[in-house]
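This is query12.cif. It holds mmCIF, C-alpha atoms and all ligand atoms.
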data_upload
#
loop_
_atom_site.label_atom_id
_atom_site.label_comp_id
_atom_site.auth_asym_id
_atom_site.auth_seq_id
_atom_site.Cartn_x
_atom_site.Cartn_y
_atom_site.Cartn_z
CA MET A 78 -28.88 -21.64 49.38
CA GLY A 79 -31.51 -18.91 50.00
CA ALA A 80 -34.98 -19.16 51.54
CA GLU A 81 -37.40 -21.89 50.39
CA SER A 82 -40.26 -19.44 50.13
CA ILE A 83 -40.97 -15.74 50.34
CA THR A 84 -44.07 -13.58 50.52
CA VAL A 85 -44.54 -10.36 48.56
CA GLU A 86 -47.35 -7.86 48.06
CA ALA A 87 -48.70 -6.72 44.72
CA ASN A 88 -50.13 -3.23 45.21
CA ALA A 89 -52.97 -1.91 43.07
CA LYS A 90 -52.53 1.56 41.57
CA LEU A 91 -54.41 4.58 40.45
CA ASN A 92 -53.48 7.41 38.10
CA LEU A 93 -53.63 10.94 39.55
CA PHE A 94 -53.87 12.07 35.96
CA LEU A 95 -53.67 10.18 32.67
CA ARG A 96 -52.95 12.20 29.57
CA VAL A 97 -53.03 10.34 26.27
CA LEU A 98 -50.64 12.11 23.90
CA GLY A 99 -51.42 10.14 20.74
CA ALA A 100 -51.53 6.78 18.96
CA ARG A 101 -48.24 5.20 17.83
CA GLU A 102 -47.37 3.04 14.86
CA ASP A 103 -46.77 0.01 17.10
CA GLY A 104 -50.38 -0.05 18.35
CA TYR A 105 -49.63 1.61 21.70
CA HIS A 106 -50.32 5.20 22.79
CA ASP A 107 -47.82 7.62 24.23
CA ILE A 108 -48.98 8.77 27.64
CA ASP A 109 -48.02 11.10 30.47
CA SER A 110 -49.28 9.98 33.89
CA VAL A 111 -48.58 9.79 37.60
CA ILE A 112 -49.10 6.31 39.00
CA VAL A 113 -49.49 5.87 42.76
CA PRO A 114 -49.45 2.42 44.40
CA LEU A 115 -52.29 1.73 46.84
CA SER A 116 -52.57 -0.14 50.13
CA LEU A 117 -55.06 -2.47 48.38
CA ALA A 118 -52.90 -5.48 47.44
CA ASP A 119 -52.80 -9.12 46.35
CA PRO A 120 -50.62 -11.21 48.72
CA LEU A 121 -48.31 -13.69 46.94
CA THR A 122 -46.28 -16.58 48.29
CA LEU A 123 -43.45 -17.86 46.10
CA ARG A 124 -41.91 -21.28 46.79
CA ARG A 125 -39.07 -23.16 45.21
CA ALA A 126 -40.39 -25.95 42.97
CA ASP A 127 -39.28 -28.15 40.07
CA SER A 128 -41.64 -26.58 37.58
CA LEU A 129 -43.63 -23.36 37.27
CA ARG A 130 -47.11 -23.50 38.80
CA LEU A 131 -49.65 -20.76 39.61
CA ARG A 132 -52.38 -21.30 42.16
CA MET A 133 -54.96 -18.55 42.49
CA VAL A 134 -57.22 -18.19 45.50
CA GLY A 135 -59.81 -15.60 46.49
CA ASN A 136 -63.54 -15.06 46.32
CA ASP A 137 -63.57 -13.60 42.85
CA VAL A 138 -61.33 -16.14 41.18
CA GLU A 139 -64.04 -18.64 40.30
CA PHE A 140 -66.75 -16.07 39.87
CA LEU A 141 -64.70 -13.94 37.50
CA ARG A 142 -63.03 -16.95 35.88
CA VAL A 143 -59.64 -15.37 36.33
CA GLY A 144 -57.26 -17.39 34.21
CA GLY A 145 -54.25 -19.04 35.82
CA GLY A 146 -52.89 -20.17 32.45
CA PRO A 147 -49.91 -19.11 30.38
CA ASP A 148 -51.47 -15.73 29.49
CA ASN A 149 -51.71 -14.73 33.17
CA LEU A 150 -49.27 -11.84 33.67
CA ALA A 151 -47.80 -13.45 36.81
CA VAL A 152 -46.83 -16.47 34.69
CA VAL A 153 -45.60 -14.29 31.82
CA ALA A 154 -43.39 -12.42 34.29
CA ALA A 155 -41.98 -15.63 35.81
CA LEU A 156 -41.16 -17.01 32.35
CA ALA A 157 -39.54 -13.71 31.29
CA LEU A 158 -37.31 -13.71 34.39
CA ALA A 159 -36.52 -17.41 34.00
CA GLU A 160 -35.24 -16.69 30.51
CA GLU A 161 -32.69 -14.28 32.00
CA CYS A 162 -31.64 -16.18 35.08
CA GLY A 163 -34.10 -18.75 36.49
CA PRO A 164 -32.64 -21.98 37.82
CA GLU A 165 -34.78 -24.16 35.49
CA GLY A 166 -37.54 -21.60 36.00
CA GLY A 167 -39.23 -23.54 38.81
CA ALA A 168 -41.56 -21.93 41.36
CA GLU A 169 -44.97 -22.38 42.86
CA ILE A 170 -46.77 -19.05 42.92
CA GLU A 171 -49.75 -18.76 45.25
CA LEU A 172 -51.69 -15.62 44.45
CA GLU A 173 -54.62 -14.36 46.48
CA LYS A 174 -56.73 -12.12 44.23
CA ARG A 175 -58.04 -9.19 46.24
CA ILE A 176 -57.65 -6.47 43.60
CA PRO A 177 -60.70 -6.39 41.30
CA VAL A 178 -59.81 -7.80 37.87
CA ALA A 179 -59.81 -5.74 34.62
CA ALA A 180 -60.99 -2.80 36.71
CA GLY A 181 -58.31 -0.21 35.85
CA LEU A 182 -56.45 -0.81 39.11
CA GLY A 183 -53.41 -2.48 37.55
CA GLY A 184 -53.95 -5.78 39.38
CA GLY A 185 -52.44 -8.04 36.71
CA SER A 186 -49.47 -5.70 36.22
CA ALA A 187 -48.94 -5.46 39.99
CA ASP A 188 -48.92 -9.27 40.27
CA ALA A 189 -46.33 -9.42 37.48
CA ALA A 190 -44.15 -6.76 39.16
CA ALA A 191 -44.34 -8.60 42.51
CA VAL A 192 -43.39 -11.91 40.84
CA LEU A 193 -40.35 -10.26 39.22
CA ARG A 194 -39.20 -8.76 42.52
CA GLY A 195 -39.91 -11.91 44.50
CA LEU A 196 -38.40 -14.47 42.12
CA ASN A 197 -35.35 -12.25 41.58
CA GLU A 198 -34.76 -12.79 45.31
CA LEU A 199 -35.95 -16.42 45.62
CA TRP A 200 -33.89 -17.55 42.65
CA GLY A 201 -30.91 -15.42 43.75
CA CYS A 202 -30.76 -13.73 40.33
CA GLY A 203 -29.37 -10.52 41.78
CA LEU A 204 -30.64 -8.42 38.87
CA ASP A 205 -30.52 -4.68 39.59
CA ALA A 206 -33.54 -2.36 39.32
CA ARG A 207 -32.63 -1.30 35.80
CA SER A 208 -32.43 -4.86 34.47
CA LEU A 209 -35.72 -5.76 36.17
CA GLU A 210 -37.36 -2.68 34.57
CA GLY A 211 -36.25 -3.89 31.15
CA ILE A 212 -37.89 -7.28 31.72
CA ALA A 213 -40.96 -5.60 33.24
CA ALA A 214 -41.47 -3.45 30.13
CA ARG A 215 -41.58 -6.59 27.98
CA VAL A 216 -44.28 -8.06 30.24
CA GLY A 217 -46.62 -5.03 30.10
CA SER A 218 -46.70 -1.23 29.87
CA ASP A 219 -47.69 -0.68 33.53
CA VAL A 220 -45.33 -3.24 35.03
CA PRO A 221 -42.16 -1.05 35.27
CA ALA A 222 -44.11 1.63 37.19
CA LEU A 223 -45.24 -0.92 39.76
CA LEU A 224 -41.84 -2.49 40.46
CA GLY A 225 -40.63 0.04 43.01
CA GLY A 226 -43.76 0.35 45.15
CA SER A 227 -43.68 4.16 45.22
CA PRO A 228 -45.25 6.92 43.08
CA VAL A 229 -43.78 7.56 39.63
CA ARG A 230 -44.45 9.80 36.68
CA VAL A 231 -44.47 7.72 33.51
CA GLY A 232 -43.88 8.51 29.85
CA GLY A 233 -43.57 6.60 26.58
CA ARG A 234 -46.17 3.81 26.64
CA GLY A 235 -45.61 3.68 30.43
CA GLU A 236 -42.13 2.18 30.56
CA ILE A 237 -40.20 5.43 31.20
CA THR A 238 -40.44 6.08 34.94
CA GLU A 239 -39.25 8.84 37.23
CA PRO A 240 -39.94 9.01 41.02
CA VAL A 241 -42.30 11.71 42.33
CA ALA A 242 -43.13 12.55 45.94
CA ILE A 243 -46.83 12.22 46.75
CA PRO A 244 -48.07 12.33 50.37
CA PRO A 245 -50.42 9.60 51.63
CA ILE A 246 -54.00 10.31 50.51
CA TRP A 247 -57.24 8.44 51.32
CA TRP A 248 -59.41 7.13 48.51
CA THR A 249 -62.73 5.38 48.08
CA LEU A 250 -62.74 3.05 45.09
CA VAL A 251 -66.05 2.13 43.49
CA PRO A 252 -65.64 -0.84 41.13
CA ALA A 253 -68.30 -1.42 38.46
CA GLY A 254 -70.11 -4.67 37.73
CA PHE A 255 -68.36 -5.19 34.41
CA ARG A 256 -64.81 -5.37 33.05
CA ILE A 257 -62.96 -3.26 30.50
CA ARG A 258 -59.90 -4.53 28.65
CA THR A 259 -57.19 -1.88 28.25
CA PRO A 260 -57.01 -2.03 24.40
CA GLN A 261 -60.76 -1.33 24.27
CA ALA A 262 -60.45 1.86 26.32
CA TYR A 263 -57.66 3.17 24.05
CA ARG A 264 -59.65 2.20 20.92
CA TRP A 265 -62.59 4.29 22.14
CA TRP A 266 -60.22 7.26 22.66
CA ASP A 267 -59.09 6.80 19.03
CA GLU A 268 -62.62 6.37 17.67
CA ASP A 269 -63.91 9.50 19.37
CA GLY A 270 -61.05 11.63 18.02
CA GLU A 271 -60.26 12.76 21.56
CA LYS A 272 -57.73 15.49 22.27
CA SER A 273 -55.07 15.25 24.98
CA GLY A 274 -56.10 16.60 28.38
CA PRO A 275 -54.74 19.71 30.10
CA ASP A 276 -51.25 20.51 31.36
CA PRO A 277 -50.86 18.26 34.44
CA GLU A 278 -48.83 20.83 36.45
CA PRO A 279 -51.82 21.76 38.68
CA VAL A 280 -52.22 18.08 39.66
CA LEU A 281 -48.53 17.76 40.49
CA ALA A 282 -48.37 21.07 42.40
CA ALA A 283 -51.51 20.31 44.43
CA ALA A 284 -50.37 16.76 45.23
CA ALA A 285 -46.87 17.86 46.28
CA ALA A 286 -48.33 20.58 48.52
CA GLY A 287 -50.92 18.22 50.04
CA ASP A 288 -53.63 20.66 48.87
CA LEU A 289 -56.45 18.11 48.61
CA GLU A 290 -59.18 20.58 47.56
CA SER A 291 -57.15 21.75 44.54
CA LEU A 292 -56.04 18.19 43.79
CA GLY A 293 -59.65 17.02 43.74
CA GLU A 294 -60.51 19.63 41.13
CA ALA A 295 -57.45 18.91 39.00
CA LEU A 296 -57.62 15.07 38.73
CA PHE A 297 -58.27 13.93 35.14
CA ASN A 298 -58.13 10.89 32.89
CA ASP A 299 -58.37 11.20 29.10
CA LEU A 300 -59.88 7.71 28.84
CA GLU A 301 -62.85 8.76 30.98
CA ASP A 302 -65.10 10.63 28.51
CA PRO A 303 -65.05 7.93 25.81
CA LEU A 304 -65.90 5.30 28.44
CA VAL A 305 -68.68 7.38 30.02
CA ARG A 306 -70.27 7.89 26.58
CA ARG A 307 -70.60 4.11 26.27
CA HIS A 308 -71.30 3.38 29.94
CA PRO A 309 -73.22 6.36 31.36
CA GLU A 310 -73.55 4.58 34.72
CA ILE A 311 -69.86 5.38 35.31
CA GLY A 312 -70.68 9.08 34.95
CA ASP A 313 -73.54 8.58 37.44
CA THR A 314 -71.19 6.94 39.96
CA LYS A 315 -68.80 9.89 39.63
CA ARG A 316 -71.61 12.42 40.14
CA ARG A 317 -72.97 10.53 43.15
CA LEU A 318 -69.51 10.48 44.75
CA LEU A 319 -69.13 14.24 44.23
CA ASP A 320 -72.66 14.87 45.55
CA ALA A 321 -71.76 12.79 48.61
CA GLY A 322 -68.88 15.19 49.32
CA ALA A 323 -65.85 13.65 47.57
CA LEU A 324 -63.17 16.30 46.94
CA GLY A 325 -62.75 14.88 43.43
CA ALA A 326 -63.50 11.72 41.47
CA VAL A 327 -61.77 10.21 38.47
CA LEU A 328 -61.75 7.06 36.37
CA CYS A 329 -58.96 4.64 37.38
CA GLY A 330 -56.66 3.75 34.47
CA SER A 331 -58.65 2.19 31.64
CA GLY A 332 -61.66 1.77 33.95
CA PRO A 333 -64.29 1.06 34.93
CA THR A 334 -63.49 1.69 38.64
CA VAL A 335 -64.01 5.27 39.85
CA ALA A 336 -61.71 6.65 42.58
CA ALA A 337 -62.97 9.37 44.92
CA LEU A 338 -60.55 11.61 46.79
CA ALA A 339 -61.30 11.88 50.52
CA ARG A 340 -60.07 14.28 53.23
CA ASP A 341 -59.04 11.44 55.56
CA GLU A 342 -59.83 7.83 56.44
CA ALA A 343 -63.13 8.63 58.18
CA HIS A 344 -64.28 10.66 55.17
CA ALA A 345 -63.31 7.81 52.80
CA THR A 346 -65.22 5.32 54.97
CA GLY A 347 -68.26 7.62 55.00
CA LEU A 348 -68.18 7.93 51.20
CA ALA A 349 -67.88 4.15 50.85
CA SER A 350 -71.01 3.58 52.94
CA GLY A 351 -73.19 4.81 50.06
CA PHE A 352 -71.76 2.34 47.51
CA ARG A 353 -71.69 -1.46 47.17
CA PRO A 354 -69.06 -2.64 46.60
CA ALA A 355 -66.58 0.02 47.67
CA ILE A 356 -62.97 -0.19 48.85
CA VAL A 357 -61.28 2.26 51.23
CA CYS A 358 -57.53 2.56 50.80
CA SER A 359 -54.63 5.00 50.86
CA ASN A 360 -51.73 5.42 48.54
CA ARG A 361 -48.23 4.42 49.55
CA ARG A 362 -45.44 6.94 49.66
O1 LIG B 401 -48.71 -3.17 27.56
P1 LIG B 401 -49.98 -3.90 27.77
O2 LIG B 401 -49.89 -5.34 27.32
O3 LIG B 401 -50.55 -3.77 29.13
O4 LIG B 401 -51.02 -3.19 26.81
C1 LIG B 401 -52.21 -3.82 26.43
C2 LIG B 401 -52.84 -3.05 25.28
O5 LIG B 401 -53.31 -1.78 25.74
C3 LIG B 401 -51.88 -2.71 24.15
O6 LIG B 401 -51.79 -3.77 23.22
C4 LIG B 401 -52.56 -1.49 23.55
O7 LIG B 401 -53.67 -1.86 22.76
C5 LIG B 401 -53.12 -0.78 24.79
N1 LIG B 401 -52.18 0.24 25.30
C6 LIG B 401 -51.98 1.40 24.56
N2 LIG B 401 -51.12 2.35 25.05
C7 LIG B 401 -50.47 2.18 26.21
C8 LIG B 401 -50.67 1.02 26.98
C9 LIG B 401 -51.53 0.06 26.49
O8 LIG B 401 -52.57 1.57 23.50
N3 LIG B 401 -49.65 3.15 26.66
#
Once more with this new file: its structure as structure tokens, please.
Amino acid sequence: MGAESITVEANAKLNLFLRVLGAREDGYHDIDSVIVPLSLADPLTLRRADSLRLRMVGNDVEFLRVGGGPDNLAVVAALALAEECGPEGGAEIELEKRIPVAAGLGGGSADAAAVLRGLNELWGCGLDARSLEGIAARVGSDVPALLGGSPVRVGGRGEITEPVAIPPIWWTLVPAGFRIRTPQAYRWWDEDGEKSGPDPEPVLAAAAAGDLESLGEALFNDLEDPLVRRHPEIGDTKRRLLDAGALGAVLCGSGPTVAALARDEAHATGLASGFRPAIVCSNRR
């Protein structure tokens, strides 16, 4: 018999670049991206139980009306794993929401990835990384990338992952006062007839070399322009961050959070002081 409960962390993410290659017949888009997990995280406690229950806590939960029902990705992930191996699928999941919701930071996907990792252990499933990735891909496009807790380059709709080495970097995240659903951001890219962004090699080379100045200039996200056309305030936030001395600034995932690249922790804290709310964090190796 294993432990009665375990705690895991669900790390938010940002995309160093996000290149949309084109729409697919199945409603998804092929992408090329580097996803880096962040120190910003939702803590989860998983306990053995007779049935599956999710309890969400955190300041934003009531305010944002975050759903704890069957469409919550943490629940979807638990059910998907239970189908493969769960001993009657029972667990109580306590999830503290710290990652802003529908903000482009992968919070829901990170929660799902953490539930898969944690319940695999709690339930003694013993599934290997490859099997977990297969289940993760069924739960959501970003979930496989967030399973390992380290930076990956992704392809396909996000489910093809390959490790990349990215040094720790400090970021200031500026969330917006509204939410964007991922399908909406991709629909706007379609509607605007956008082209795919540039060759991402300069981003990869600058990141690998720890050349923050060049990295700041090279960051890009193809979903950014369509979103800024509809929400010009996001463009203003980006400009203000650059004017305040950020080395670069880019939309996070499908938005609307903007991430600013900082030289170090003190610089990130200084940038954050001009914005409410703002989150200072670093990426994990
Ligand atoms: O995979 P996930 O459930 O997170 O995707 C949500 C929606 O986002 C998809 O139904 C699709 O509309 C859009 N999406 C996309 N291309 C991707 C990932 C997501 O069009 N690579």
Could the residues of segment 250-332 of chain A that have an atom at most 10 Å from segment 96-114 of chain A be listed as CSV, each with its closest atom pair and the distance in Å to one decimal, counting only C-alpha atoms and ordered by chain and ascending residue number?
residue,atom,partner,partner_atom,distance
A:Pro260,CA,A:Tyr105,CA,8.7
A:Tyr263,CA,A:His106,CA,7.7
A:Arg264,CA,A:Ala100,CA,9.5
A:Trp266,CA,A:Val97,CA,8.6
A:Asp267,CA,A:Ala100,CA,7.6
A:Glu271,CA,A:Val97,CA,9.0
A:Lys272,CA,A:Leu98,CA,8.0
A:Ser273,CA,A:Val97,CA,5.5
A:Gly274,CA,A:Arg96,CA,5.5
A:Pro275,CA,A:Arg96,CA,7.7
A:Asp276,CA,A:Arg96,CA,8.7
A:Pro277,CA,A:Arg96,CA,8.1
A:Val280,CA,A:Val111,CA,9.3
A:Leu281,CA,A:Val111,CA,8.5
A:Phe297,CA,A:Arg96,CA,7.9
A:Asn298,CA,A:Arg96,CA,6.3
A:Asp299,CA,A:Arg96,CA,5.5
A:Leu300,CA,A:Val97,CA,7.8
A:Gly330,CA,A:Ile112,CA,9.2
Find the smallest box with edges along x, y and z containing every listed atom of ligand LIG 401 (chain B), then add 8 Å on each side and report centre and edge lengths in Å to one decimal, as AutoDock Vina command-line options.
--center_x -51.2 --center_y -1.1 --center_z 25.9 --size_x 21.0 --size_y 24.5 --size_z 22.4
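Counting all atoms listed in the file and comparing A:Leu328, A:Val216, A:Val178, A:Ala242, the residue that lies closest to ligand LIG 401 (chain B) is A:Val216.
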For Pro303 of chain A, find every residue with an atom within 8 Å (counting all atoms listed in the file), except residues of its own chain fewer than 6 positions away, and show them as a count of residues only.
4
Pick from A:Ser218, A:Asn92, A:Thr238, A:Asn197 nearest to ligand LIG 401 (chain B), counting only C-alpha atoms and all ligand atoms
A:Ser218
Which is closer to ligand LIG 401 (chain B) than all the others in A:Asp148, A:Asp320, A:Asp288, A:Asp119, using all atoms listed in the file?
A:Asp148
Generate N, CA, C and O atoms for segment 220-235 of chain A and emit them as a PDB file, keeping the file's coordinate frame.
ATOM      1  N   VAL A 220     -46.095  -2.435  34.073  1.00  0.00           N
ATOM      2  CA  VAL A 220     -45.330  -3.240  35.030  1.00  0.00           C
ATOM      3  C   VAL A 220     -44.083  -2.493  35.574  1.00  0.00           C
ATOM      4  O   VAL A 220     -43.845  -2.524  36.788  1.00  0.00           O
ATOM      5  N   PRO A 221     -43.319  -1.763  34.732  1.00  0.00           N
ATOM      6  CA  PRO A 221     -42.160  -1.050  35.270  1.00  0.00           C
ATOM      7  C   PRO A 221     -42.545  -0.058  36.380  1.00  0.00           C
ATOM      8  O   PRO A 221     -41.855   0.050  37.397  1.00  0.00           O
ATOM      9  N   ALA A 222     -43.682   0.621  36.206  1.00  0.00           N
ATOM     10  CA  ALA A 222     -44.110   1.630  37.190  1.00  0.00           C
ATOM     11  C   ALA A 222     -44.439   1.006  38.532  1.00  0.00           C
ATOM     12  O   ALA A 222     -44.387   1.678  39.567  1.00  0.00           O
ATOM     13  N   LEU A 223     -44.788  -0.286  38.528  1.00  0.00           N
ATOM     14  CA  LEU A 223     -45.240  -0.920  39.760  1.00  0.00           C
ATOM     15  C   LEU A 223     -44.148  -1.727  40.452  1.00  0.00           C
ATOM     16  O   LEU A 223     -44.370  -2.337  41.489  1.00  0.00           O
ATOM     17  N   LEU A 224     -42.952  -1.719  39.878  1.00  0.00           N
ATOM     18  CA  LEU A 224     -41.840  -2.490  40.460  1.00  0.00           C
ATOM     19  C   LEU A 224     -41.376  -1.920  41.791  1.00  0.00           C
ATOM     20  O   LEU A 224     -41.102  -2.659  42.726  1.00  0.00           O
ATOM     21  N   GLY A 225     -41.286  -0.588  41.862  1.00  0.00           N
ATOM     22  CA  GLY A 225     -40.630   0.040  43.010  1.00  0.00           C
ATOM     23  C   GLY A 225     -41.522   0.221  44.214  1.00  0.00           C
ATOM     24  O   GLY A 225     -41.040   0.424  45.326  1.00  0.00           O
ATOM     25  N   GLY A 226     -42.844   0.198  44.016  1.00  0.00           N
ATOM     26  CA  GLY A 226     -43.760   0.350  45.150  1.00  0.00           C
ATOM     27  C   GLY A 226     -43.909   1.776  45.635  1.00  0.00           C
ATOM     28  O   GLY A 226     -44.409   2.017  46.732  1.00  0.00           O
ATOM     29  N   SER A 227     -43.475   2.760  44.837  1.00  0.00           N
ATOM     30  CA  SER A 227     -43.680   4.160  45.220  1.00  0.00           C
ATOM     31  C   SER A 227     -44.123   4.960  43.986  1.00  0.00           C
ATOM     32  O   SER A 227     -43.981   4.481  42.855  1.00  0.00           O
ATOM     33  N   PRO A 228     -44.671   6.180  44.213  1.00  0.00           N
ATOM     34  CA  PRO A 228     -45.250   6.920  43.080  1.00  0.00           C
ATOM     35  C   PRO A 228     -44.231   7.278  42.007  1.00  0.00           C
ATOM     36  O   PRO A 228     -43.085   7.615  42.307  1.00  0.00           O
ATOM     37  N   VAL A 229     -44.661   7.195  40.753  1.00  0.00           N
ATOM     38  CA  VAL A 229     -43.780   7.560  39.630  1.00  0.00           C
ATOM     39  C   VAL A 229     -44.582   8.324  38.581  1.00  0.00           C
ATOM     40  O   VAL A 229     -45.781   8.117  38.418  1.00  0.00           O
ATOM     41  N   ARG A 230     -43.887   9.200  37.877  1.00  0.00           N
ATOM     42  CA  ARG A 230     -44.450   9.800  36.680  1.00  0.00           C
ATOM     43  C   ARG A 230     -43.966   8.942  35.516  1.00  0.00           C
ATOM     44  O   ARG A 230     -42.785   8.562  35.472  1.00  0.00           O
ATOM     45  N   VAL A 231     -44.862   8.601  34.611  1.00  0.00           N
ATOM     46  CA  VAL A 231     -44.470   7.720  33.510  1.00  0.00           C
ATOM     47  C   VAL A 231     -44.649   8.421  32.170  1.00  0.00           C
ATOM     48  O   VAL A 231     -45.500   9.282  32.000  1.00  0.00           O
ATOM     49  N   GLY A 232     -43.800   8.009  31.214  1.00  0.00           N
ATOM     50  CA  GLY A 232     -43.880   8.510  29.850  1.00  0.00           C
ATOM     51  C   GLY A 232     -43.751   7.347  28.880  1.00  0.00           C
ATOM     52  O   GLY A 232     -43.759   6.188  29.290  1.00  0.00           O
ATOM     53  N   GLY A 233     -43.610   7.653  27.599  1.00  0.00           N
ATOM     54  CA  GLY A 233     -43.570   6.600  26.580  1.00  0.00           C
ATOM     55  C   GLY A 233     -44.916   5.881  26.583  1.00  0.00           C
ATOM     56  O   GLY A 233     -45.969   6.506  26.706  1.00  0.00           O
ATOM     57  N   ARG A 234     -44.895   4.538  26.498  1.00  0.00           N
ATOM     58  CA  ARG A 234     -46.170   3.810  26.640  1.00  0.00           C
ATOM     59  C   ARG A 234     -46.399   3.443  28.097  1.00  0.00           C
ATOM     60  O   ARG A 234     -47.353   2.727  28.414  1.00  0.00           O
ATOM     61  N   GLY A 235     -45.505   3.932  28.985  1.00  0.00           N
ATOM     62  CA  GLY A 235     -45.610   3.680  30.430  1.00  0.00           C
ATOM     63  C   GLY A 235     -44.302   3.173  31.002  1.00  0.00           C
ATOM     64  O   GLY A 235     -44.134   3.077  32.214  1.00  0.00           O
TER      65      GLY A 235
END
